[in-house]
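Trainee: Contents are compact mmCIF, C-alpha atoms; file name final.txt:
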```
# COMPACT_ATOMS: atom_id res chain seq x y z
CA MET A 1 21.00 122.34 22.88
CA GLN A 2 22.56 118.88 23.04
CA GLY A 3 19.15 117.24 22.60
CA SER A 4 18.50 119.33 19.47
CA ASN A 5 21.85 118.25 18.01
CA GLU A 6 21.07 114.60 18.74
CA ARG A 7 17.66 114.85 17.08
CA PHE A 8 19.23 116.51 14.01
CA VAL A 9 21.90 113.81 13.70
CA GLU A 10 19.27 111.08 14.02
CA ARG A 11 17.46 112.49 10.98
CA LEU A 12 20.54 112.18 8.76
CA PRO A 13 20.78 111.69 5.88
CA LEU A 14 18.23 114.42 5.22
CA VAL A 15 15.23 113.25 3.22
CA LEU A 16 14.33 116.19 1.02
CA ASP A 17 10.96 116.58 -0.71
CA ARG A 18 12.73 116.11 -4.05
CA PRO A 19 15.97 114.07 -4.21
CA VAL A 20 17.23 116.32 -7.01
CA TYR A 21 17.70 119.07 -4.42
CA GLY A 22 20.36 116.92 -2.76
CA TYR A 23 22.28 116.66 -6.03
CA ILE A 24 21.93 120.40 -6.68
CA LEU A 25 23.34 121.18 -3.25
CA THR A 26 26.10 118.64 -3.80
CA LEU A 27 26.93 120.40 -7.06
CA LEU A 28 27.16 123.68 -5.16
CA PHE A 29 29.49 122.09 -2.61
CA CYS A 30 31.75 120.88 -5.41
CA GLY A 31 31.66 124.30 -7.05
CA ALA A 32 32.65 125.92 -3.77
CA ALA A 33 35.46 123.36 -3.35
CA LEU A 34 36.72 124.18 -6.87
CA LEU A 35 36.72 127.93 -6.20
CA LEU A 36 38.46 127.40 -2.88
CA ARG A 37 41.09 125.22 -4.56
CA PHE A 38 41.77 127.91 -7.15
CA ALA A 39 42.02 130.52 -4.41
CA ALA A 40 44.46 128.35 -2.42
CA GLU A 41 46.63 127.49 -5.45
CA PRO A 42 49.34 130.08 -4.68
CA LEU A 43 49.51 128.86 -1.08
CA LEU A 44 49.66 125.11 -1.68
CA PRO A 45 52.72 123.15 -2.75
CA ALA A 46 52.47 120.80 -5.70
CA GLY A 47 50.76 117.48 -5.12
CA TYR A 48 47.54 118.49 -3.35
CA PRO A 49 44.93 118.40 -6.14
CA PHE A 50 42.11 116.87 -4.01
CA VAL A 51 42.52 118.75 -0.75
CA THR A 52 39.36 120.91 -0.98
CA PHE A 53 37.20 118.20 -2.57
CA PHE A 54 37.41 115.76 0.33
CA PRO A 55 35.28 118.02 2.56
CA ALA A 56 32.68 118.33 -0.24
CA VAL A 57 32.45 114.53 -0.50
CA ILE A 58 32.20 114.09 3.26
CA LEU A 59 29.61 116.85 3.67
CA SER A 60 27.45 115.57 0.80
CA SER A 61 27.54 111.99 2.13
CA PHE A 62 26.82 113.14 5.66
CA LEU A 63 23.87 115.37 4.76
CA PHE A 64 22.28 113.69 1.76
CA GLY A 65 23.37 110.06 1.75
CA ILE A 66 25.55 107.67 -0.19
CA ARG A 67 24.38 108.52 -3.72
CA PRO A 68 25.04 112.28 -3.54
CA GLY A 69 28.34 111.40 -1.83
CA ILE A 70 29.34 109.20 -4.79
CA PHE A 71 28.26 111.99 -7.14
CA ALA A 72 30.46 114.46 -5.25
CA ALA A 73 33.38 112.01 -5.33
CA LEU A 74 33.11 111.51 -9.11
CA LEU A 75 32.71 115.21 -9.84
CA GLY A 76 35.51 116.20 -7.47
CA GLY A 77 37.83 113.61 -8.97
CA LEU A 78 37.19 114.81 -12.52
CA LEU A 79 37.65 118.46 -11.62
CA SER A 80 40.88 117.70 -9.76
CA TRP A 81 42.17 115.58 -12.63
CA TYR A 82 41.34 118.25 -15.24
CA PHE A 83 42.51 121.40 -13.45
CA PHE A 84 45.11 120.42 -10.86
CA ILE A 85 46.94 117.29 -12.11
CA PRO A 86 49.52 117.84 -14.84
CA PRO A 87 49.22 118.03 -17.72
CA PHE A 88 46.67 120.68 -16.74
CA ASN A 89 43.32 121.20 -18.50
CA ARG A 90 43.46 117.73 -19.98
CA LEU A 91 42.21 114.33 -18.82
CA ALA A 92 45.49 112.68 -19.65
CA MET A 93 46.45 109.33 -18.16
CA ASN A 94 49.90 108.24 -17.09
CA PRO A 95 51.33 106.21 -14.20
CA ALA A 96 51.53 109.24 -11.90
CA VAL A 97 47.94 110.21 -12.65
CA ALA A 98 46.81 106.63 -12.12
CA VAL A 99 48.50 106.46 -8.70
CA ALA A 100 46.94 109.82 -7.68
CA MET A 101 43.47 108.75 -8.78
CA ILE A 102 43.78 105.38 -7.03
CA PHE A 103 44.74 107.21 -3.84
CA TYR A 104 41.76 109.57 -4.24
CA VAL A 105 39.31 106.75 -4.92
CA GLY A 106 40.55 104.80 -1.92
CA VAL A 107 40.14 107.77 0.43
CA VAL A 108 36.65 108.75 -0.75
CA VAL A 109 35.45 105.14 -0.71
CA VAL A 110 36.57 104.79 2.90
CA ASP A 111 34.98 108.15 3.82
CA ILE A 112 31.66 107.36 2.16
CA ALA A 113 31.56 103.82 3.60
CA LEU A 114 32.29 105.02 7.15
CA ILE A 115 29.64 107.73 6.94
CA HIS A 116 27.11 105.28 5.49
CA PHE A 117 27.65 102.67 8.22
CA MET A 118 27.64 105.36 10.89
CA GLN A 119 24.29 106.65 9.64
CA ARG A 120 22.84 103.14 9.48
CA ALA A 121 23.91 102.54 13.07
CA ASN A 122 22.53 105.93 14.03
CA PHE A 123 19.22 105.12 12.33
CA ASN A 124 18.99 101.78 14.14
CA LEU A 125 19.76 103.55 17.41
CA ALA A 126 16.97 106.07 16.77
CA VAL A 127 14.56 103.23 15.99
CA GLU A 128 15.51 101.40 19.19
CA ARG A 129 15.19 104.61 21.20
CA GLU A 130 11.71 105.20 19.82
CA ARG A 131 10.79 101.59 20.54
CA SER A 132 12.10 101.92 24.09
CA ARG A 133 10.10 105.13 24.55
CA ALA A 134 6.93 103.41 23.34
CA LEU A 135 7.59 100.43 25.64
CA ALA A 136 8.18 102.78 28.57
CA GLU A 137 4.89 104.57 27.87
CA ASN A 138 3.05 101.25 27.65
CA ARG A 139 4.72 100.05 30.83
CA GLU A 140 3.69 103.19 32.69
CA LEU A 141 0.15 102.97 31.33
CA LEU A 142 -0.15 99.31 32.35
CA PHE A 143 1.35 100.06 35.74
CA HIS A 144 -1.11 102.85 36.44
CA GLU A 145 -3.95 100.64 35.26
CA LEU A 146 -2.76 97.85 37.58
CA GLN A 147 -2.46 100.24 40.51
CA HIS A 148 -5.88 101.63 39.73
CA ARG A 149 -7.42 98.16 39.70
CA VAL A 150 -5.64 97.09 42.89
CA SER A 151 -6.74 100.24 44.67
CA ASN A 152 -10.30 99.83 43.41
CA ASN A 153 -10.35 96.21 44.59
CA LEU A 154 -9.18 97.30 48.03
CA GLN A 155 -11.90 99.95 48.11
CA VAL A 156 -14.43 97.27 47.16
CA VAL A 157 -13.21 95.08 50.04
CA ALA A 158 -13.51 98.06 52.39
CA ALA A 159 -17.05 98.74 51.16
CA MET A 160 -18.00 95.07 51.63
CA LEU A 161 -16.73 95.20 55.21
CA ALA A 162 -18.73 98.34 55.79
CA LEU A 163 -21.84 96.65 54.40
CA GLN A 164 -21.26 93.60 56.54
CA ARG A 165 -21.13 95.89 59.58
CA ARG A 166 -24.84 96.66 59.11
CA HIS A 167 -25.71 93.04 59.80
CA VAL A 168 -23.67 92.83 63.03
CA ASP A 169 -25.31 93.74 66.32
CA HIS A 170 -22.35 93.28 68.65
CA ASP A 171 -20.64 96.63 69.35
CA ASP A 172 -17.13 95.18 69.53
CA ALA A 173 -17.61 93.34 66.24
CA ARG A 174 -18.96 96.51 64.58
CA ARG A 175 -15.93 98.48 65.76
CA ALA A 176 -13.61 95.74 64.51
CA LEU A 177 -15.25 95.81 61.08
CA ASP A 178 -15.03 99.60 61.04
CA ASP A 179 -11.32 99.44 61.83
CA ALA A 180 -10.71 96.75 59.21
CA SER A 181 -12.65 98.68 56.57
CA GLY A 182 -10.75 101.88 57.29
CA ARG A 183 -7.35 100.16 57.22
CA VAL A 184 -8.03 98.36 53.94
CA ALA A 185 -9.15 101.63 52.33
CA LEU A 186 -6.05 103.38 53.70
CA VAL A 187 -3.74 100.71 52.27
CA GLY A 188 -5.36 101.26 48.86
CA ARG A 189 -4.83 105.03 48.99
CA ILE A 190 -1.24 104.68 50.19
CA SER A 191 -0.41 102.11 47.53
CA ARG A 192 -1.78 104.30 44.76
CA ALA A 193 0.06 107.39 46.01
CA LEU A 194 3.45 105.86 46.75
CA TYR A 195 4.27 103.38 44.03
CA ASP A 196 5.86 104.80 40.90
CA PRO A 197 6.60 102.77 37.71
CA SER A 198 9.99 104.40 37.39
CA GLY A 199 11.00 103.10 40.82
CA ALA A 200 11.55 106.64 42.11
CA GLY A 201 10.24 107.40 45.58
CA GLN A 202 7.87 110.20 46.47
CA ASP A 203 8.92 113.28 48.42
CA VAL A 204 8.49 112.18 52.03
CA LYS A 205 7.54 115.55 53.51
CA THR A 206 4.79 116.12 50.95
CA PHE A 207 3.42 112.62 51.34
CA LEU A 208 3.43 112.64 55.15
CA THR A 209 1.70 116.02 55.17
CA THR A 210 -1.03 114.76 52.84
CA LEU A 211 -1.39 111.49 54.74
CA ALA A 212 -1.67 113.05 58.20
CA SER A 213 -4.08 115.69 56.89
CA ASP A 214 -6.27 112.96 55.37
CA VAL A 215 -6.39 111.12 58.69
CA LEU A 216 -7.43 114.31 60.49
CA ASP A 217 -10.05 115.10 57.83
CA ALA A 218 -11.44 111.57 58.14
CA SER A 219 -11.81 112.07 61.89
CA GLY A 220 -13.84 115.23 61.30
CA ARG A 221 -11.64 117.22 63.69
CA LYS A 222 -10.99 120.84 62.74
CA ASP A 223 -9.57 121.92 66.10
CA ILE A 224 -6.23 120.07 65.90
CA ASP A 225 -3.14 121.80 64.54
CA LEU A 226 -0.83 119.60 62.50
CA THR A 227 2.85 120.19 61.78
CA VAL A 228 5.07 117.93 59.67
CA ARG A 229 8.84 118.22 59.61
CA ALA A 230 11.07 116.19 57.30
CA PRO A 231 14.20 116.80 55.22
CA ASP A 232 13.49 118.58 51.95
CA ALA A 233 13.62 116.48 48.77
CA MET A 234 14.00 113.28 50.79
CA THR A 235 12.65 110.12 49.14
CA LEU A 236 12.28 106.56 50.38
CA ASP A 237 11.81 103.29 48.59
CA ALA A 238 8.20 102.14 48.48
CA ALA A 239 9.14 98.97 50.40
CA ILE A 240 9.92 101.25 53.38
CA SER A 241 7.41 104.00 52.67
CA VAL A 242 4.27 101.86 52.79
CA PRO A 243 4.85 100.36 56.28
CA LEU A 244 6.10 103.75 57.51
CA ALA A 245 2.98 105.47 56.16
CA LEU A 246 0.72 102.91 57.83
CA ILE A 247 2.50 103.49 61.14
CA VAL A 248 2.09 107.27 60.77
CA ALA A 249 -1.61 106.88 59.99
CA GLU A 250 -2.11 104.62 62.99
CA ALA A 251 -0.17 106.93 65.33
CA VAL A 252 -2.03 110.06 64.20
CA SER A 253 -5.37 108.28 64.48
CA ASN A 254 -4.42 107.02 67.95
CA ALA A 255 -3.44 110.56 69.02
CA VAL A 256 -6.80 111.91 67.85
CA GLU A 257 -8.87 109.12 69.36
CA HIS A 258 -7.10 108.67 72.69
CA GLY A 259 -4.91 111.71 73.25
CA LEU A 260 -7.25 114.47 72.08
CA PRO A 261 -10.74 112.97 72.14
CA ASP A 262 -12.51 115.95 73.69
CA ARG A 263 -10.36 119.04 73.37
CA PRO A 264 -8.30 121.03 70.81
CA GLY A 265 -4.63 120.23 70.57
CA ARG A 266 -1.57 119.80 68.44
CA ILE A 267 0.05 116.86 66.65
CA ASP A 268 3.65 117.12 65.52
CA VAL A 269 5.06 114.65 62.98
CA ALA A 270 8.85 114.77 62.67
CA LEU A 271 11.15 112.58 60.59
CA VAL A 272 14.92 112.95 60.80
CA THR A 273 17.82 110.98 59.34
CA GLN A 274 21.37 110.55 60.55
CA ASP A 275 23.99 108.40 58.84
CA GLY A 276 21.27 106.53 56.98
CA ALA A 277 19.14 105.76 60.06
CA ILE A 278 15.58 107.07 60.26
CA ALA A 279 13.86 108.38 63.39
CA LEU A 280 10.13 109.15 63.25
CA ARG A 281 8.24 110.90 66.05
CA ILE A 282 4.50 111.59 66.25
CA ALA A 283 3.82 113.66 69.37
CA ASP A 284 0.62 115.18 70.76
CA ASN A 285 -0.17 117.42 73.72
CA GLY A 286 -3.21 115.44 74.81
CA HIS A 287 -4.09 113.42 77.89
CA GLY A 288 -1.05 111.18 77.64
CA LEU A 289 -0.99 107.46 78.36
CA ALA A 290 -3.27 105.76 80.79
CA PRO A 291 -1.63 105.09 84.17
CA ASP A 292 -1.92 101.34 83.71
CA ALA A 293 -0.47 101.33 80.18
CA PRO A 294 2.54 98.98 79.87
CA SER A 295 5.93 100.67 79.49
CA GLY A 296 7.36 100.95 76.02
CA GLY A 297 3.95 101.31 74.41
CA ALA A 298 3.21 97.59 74.41
CA VAL A 299 -0.52 98.24 74.61
CA GLY A 300 -2.99 95.68 73.52
CA SER A 301 -4.97 97.53 70.83
CA LEU A 302 -4.97 95.99 67.36
CA GLY A 303 -3.71 99.17 65.73
CA LEU A 304 -0.62 99.41 67.91
CA ARG A 305 0.06 95.69 67.55
CA ILE A 306 0.02 96.27 63.79
CA ALA A 307 2.46 99.18 64.25
CA HIS A 308 4.82 96.94 66.23
CA ALA A 309 4.59 94.27 63.54
CA LEU A 310 5.29 96.77 60.75
CA ALA A 311 8.27 98.16 62.65
CA GLY A 312 9.64 94.64 63.01
CA GLN A 313 9.14 94.13 59.28
CA LEU A 314 11.42 97.14 58.72
CA GLY A 315 13.98 95.83 61.19
CA GLY A 316 13.19 98.73 63.51
CA ARG A 317 11.46 99.38 66.82
CA PHE A 318 8.14 101.07 67.63
CA ALA A 319 7.22 102.46 71.04
CA LEU A 320 4.50 104.65 72.52
CA GLU A 321 5.69 106.74 75.46
CA ALA A 322 4.49 109.54 77.72
CA THR A 323 6.10 112.98 77.41
CA ALA A 324 7.16 115.31 80.20
CA ALA A 325 4.58 117.86 79.05
CA GLY A 326 1.77 115.39 79.62
CA GLY A 327 1.12 114.18 76.10
CA ALA A 328 2.33 111.08 74.28
CA VAL A 329 4.83 110.37 71.54
CA ALA A 330 4.95 107.44 69.13
CA ARG A 331 8.52 106.57 68.20
CA LEU A 332 9.77 104.57 65.23
CA ASP A 333 13.50 103.95 64.83
CA ILE A 334 14.83 102.23 61.69
CA PRO A 335 18.54 101.33 61.59
CA ALA A 336 20.71 102.47 58.71
CA ARG A 337 21.12 99.12 56.99
CA THR A 338 17.32 98.80 56.68
CA ALA A 339 16.64 102.42 55.78
CA CYS A 340 19.13 102.33 52.94
```
Translate this file's structure into structure tokens.
Mentor:
Amino acid sequence: MQGSNERFVERLPLVLDRPVYGYILTLLFCGAALLLRFAAEPLLPAGYPFVTFFPAVILSSFLFGIRPGIFAALLGGLLSWYFFIPPFNRLAMNPAVAVAMIFYVGVVVVDIALIHFMQRANFNLAVERERSRALAENRELLFHELQHRVSNNLQVVAAMLALQRRHVDHDDARRALDDASGRVALVGRISRALYDPSGAGQDVKTFLTTLASDVLDASGRKDIDLTVRAPDAMTLDAAISVPLALIVAEAVSNAVEHGLPDRPGRIDVALVTQDGAIALRIADNGHGLAPDAPSGGAVGSLGLRIAHALAGQLGGRFALEATAAGGAVARLDIPARTAC
């Protein structure tokens, strides 16, 4: 309702198909003011000849612009002078009449001028609002185009790495190129999904569910149950979300590859917040950690080294630990000052 009122006010003064309609309606306003003044005559004390004509002037100026407002002021002044200023029914001039008419002219001039300047300011505001809307649309369009190009470029880099893999015979080098290609492609998908031109973050639960499901689909595993728990309607800034998403992708991939390589299982992704701090847990019920794995998850694989580096970038701590049930859990803790 408020938006409709604002849009109506921004269209004032009304531009009618034929300007004469504005003068006809102004004439009707003045006629109504005259009838109302006659009806109120017994109730009004002497000395109020213009009281019902001021609203007609204001309404005409407000709805139809300065010219109909001046027309209403002239007509209202003449009608008041002729019918309600003694000597009645005559356009006589004397000092008292002159003072009354000067007072009337001063009031209607101020009213019409204020309404005119208000409408000009309102018109300029509407123009600036429309310009801002157009700029916002262009900004969003350019942003999406930029994100699209960046993501496409990352996909091209991933494809080039995959092509280069065909010319490498060494198994370790082929695996390294496969990992690099997959990570570059993942960064492109995450960047496109997370960044928003408005600066608003994406719902974390929805994004983590989609991300973890994509990692499982990419692995080709259909026998792993996935659960994602996170506060409803929680959003994070993209500066935090991108490293966090990469850590989740790495932890889920690690759970599939090392924890559940040859049997069905379950992966549970849980994100909780307390007093601004963030705690992320990715747990599986697989084989657990190797007996010779260093404590605290300081394993030597490239993926987990990247996870440690990303956690440090967030000012947090990443660890991969064994669980009492025999599986493993990847832990990411981000302090409140960083998470906020």
Trainee: What is the CA of His167 in chain A to CA of Val252 in chain A distance in Å?
Mentor: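 Taking CA of His167 in chain A and CA of Val252 in chain A, their separation equals 29.5 Å.
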Trainee: Hey, which of A:Gly276, A:Gly106, A:Gly259, A:Gly286 ends up closest to Met234 in chain A? Count all atoms listed in the file.
Mentor: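 For Met234 in chain A, the nearest of the given residues is A:Gly276.
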Trainee: Go through A:Asp275, A:Asp214, A:Asp284, A:Asp179 and flag the residue nearest Ile334 in chain A, using all atoms listed in the file for the distances.
Mentor: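 Counting all atoms listed in the file, the residue closest to Ile334 in chain A is A:Asp275.
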Trainee: Hey, which of A:Phe62, A:Thr235, A:Gln155, A:Leu79 ends up closest to Leu91 in chain A? Count all atoms listed in the file.
Mentor: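 Using all atoms listed in the file, the shortest distance to Leu91 in chain A belongs to A:Leu79.
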Trainee: Could you work out how far CA of Ala322 in chain A lies from CA of Ala255 in chain A, giving the answer in Å with one decimal?
Mentor: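 About the pair CA of Ala255 in chain A and CA of Ala322 in chain A: they are 11.8 Å apart.
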Trainee: In Å to one decimal, how far is CA of Asp223 in chain A from CA of Ile282 in chain A?
Mentor: 17.5 Å
Trainee: Counting all atoms listed in the file, note down every residue that has an atom within 12 Å of the point (24.6, 122.9, -8.3) (file coordinates), as a list in words.
Mentor: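 Within 12 Å of (24.6, 122.9, -8.3), the protein and nucleic acid residues are Val20, Tyr21, Gly22, Tyr23, Ile24, Leu25, Thr26, Leu27, Leu28, Phe29, Cys30, Gly31, Ala32, Ala33, Pro68, Phe71, Ala72 and Leu75 of chain A.
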Trainee: For Ala39 in chain A, which residue out of A:Asn124, A:Thr52, A:Asn89, A:Ser61 is the nearest one, using only C-alpha atoms?
Mentor: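 Answer, going by the shortest atom-to-atom distance: A:Thr52.
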Trainee: Using all atoms of range 48-51 of chain A listed in the file and a margin of 5 Å per side, can you give the axis-aligned box centre and edge lengths in Å to one decimal, as JSON?
Mentor:
```
{"center_x": 44.8, "center_y": 117.8, "center_z": -3.4, "size_x": 15.4, "size_y": 11.9, "size_z": 15.4}
```
Trainee: Would you mind telling me which residue in A:Gly77, A:Ile58, A:Ile247, A:Asn152 lies nearest to Phe103 in chain A when using all atoms listed in the file?
Mentor: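 The closest residue to Phe103 in chain A is A:Gly77.
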Trainee: Kindly extract all protein, DNA and RNA residues lying within 12 Å of the coordinates (0.2, 97.5, 62.9) given in the file, considering only C-alpha atoms, and supply them as a VMD selection string.
Mentor: chain A and resid 179 to 180 183 187 242 to 251 254 298 to 314 318 to 319
Trainee: So, with all atoms listed in the file as the atoms that count, which of A:Val127, A:Ile85, A:Ile267, A:Ile66 lies closest to Leu114 in chain A?
Mentor: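 The answer is A:Ile66, which sits nearest to Leu114 in chain A.
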Trainee: Because some atoms of range 226-240 of chain A are absent here, can you restore N, CA, C and O atoms and send them as a short mmCIF file (atom, residue, chain, number, x, y, z; two decimals), keeping the file's coordinate frame?
Mentor:
```cif
data_model
loop_
_atom_site.label_atom_id
_atom_site.label_comp_id
_atom_site.auth_asym_id
_atom_site.auth_seq_id
_atom_site.Cartn_x
_atom_site.Cartn_y
_atom_site.Cartn_z
N LEU A 226 -1.76 120.63 62.96
CA LEU A 226 -0.83 119.60 62.50
C LEU A 226 0.43 120.25 61.95
O LEU A 226 0.36 121.19 61.15
N THR A 227 1.58 119.76 62.36
CA THR A 227 2.85 120.19 61.78
C THR A 227 3.62 118.95 61.35
O THR A 227 3.60 117.92 62.05
N VAL A 228 4.27 119.04 60.21
CA VAL A 228 5.07 117.93 59.67
C VAL A 228 6.45 118.48 59.34
O VAL A 228 6.59 119.47 58.61
N ARG A 229 7.45 117.84 59.87
CA ARG A 229 8.84 118.22 59.61
C ARG A 229 9.59 117.02 59.06
O ARG A 229 9.55 115.93 59.64
N ALA A 230 10.27 117.24 57.93
CA ALA A 230 11.07 116.19 57.30
C ALA A 230 12.09 116.87 56.39
O ALA A 230 11.87 118.01 55.94
N PRO A 231 13.20 116.20 56.12
CA PRO A 231 14.20 116.80 55.22
C PRO A 231 13.60 117.08 53.84
O PRO A 231 12.81 116.30 53.31
N ASP A 232 13.97 118.22 53.28
CA ASP A 232 13.49 118.58 51.95
C ASP A 232 14.06 117.62 50.91
O ASP A 232 15.22 117.20 50.99
N ALA A 233 13.23 117.31 49.93
CA ALA A 233 13.62 116.48 48.77
C ALA A 233 14.07 115.08 49.18
O ALA A 233 14.77 114.40 48.44
N MET A 234 13.65 114.62 50.35
CA MET A 234 14.00 113.28 50.79
C MET A 234 13.01 112.28 50.19
O MET A 234 11.80 112.51 50.19
N THR A 235 13.51 111.17 49.68
CA THR A 235 12.65 110.12 49.14
C THR A 235 13.03 108.79 49.78
O THR A 235 14.17 108.59 50.19
N LEU A 236 12.06 107.91 49.84
CA LEU A 236 12.28 106.56 50.38
C LEU A 236 11.73 105.55 49.40
O LEU A 236 10.78 105.82 48.66
N ASP A 237 12.33 104.38 49.41
CA ASP A 237 11.81 103.29 48.59
C ASP A 237 10.43 102.89 49.09
O ASP A 237 10.13 102.96 50.27
N ALA A 238 9.58 102.49 48.12
CA ALA A 238 8.20 102.14 48.48
C ALA A 238 8.15 101.00 49.48
O ALA A 238 7.22 100.93 50.29
N ALA A 239 9.13 100.09 49.46
CA ALA A 239 9.14 98.97 50.40
C ALA A 239 9.23 99.47 51.84
O ALA A 239 8.76 98.81 52.77
N ILE A 240 9.84 100.64 52.05
CA ILE A 240 9.92 101.25 53.38
C ILE A 240 8.77 102.21 53.59
O ILE A 240 8.20 102.31 54.67
#
```
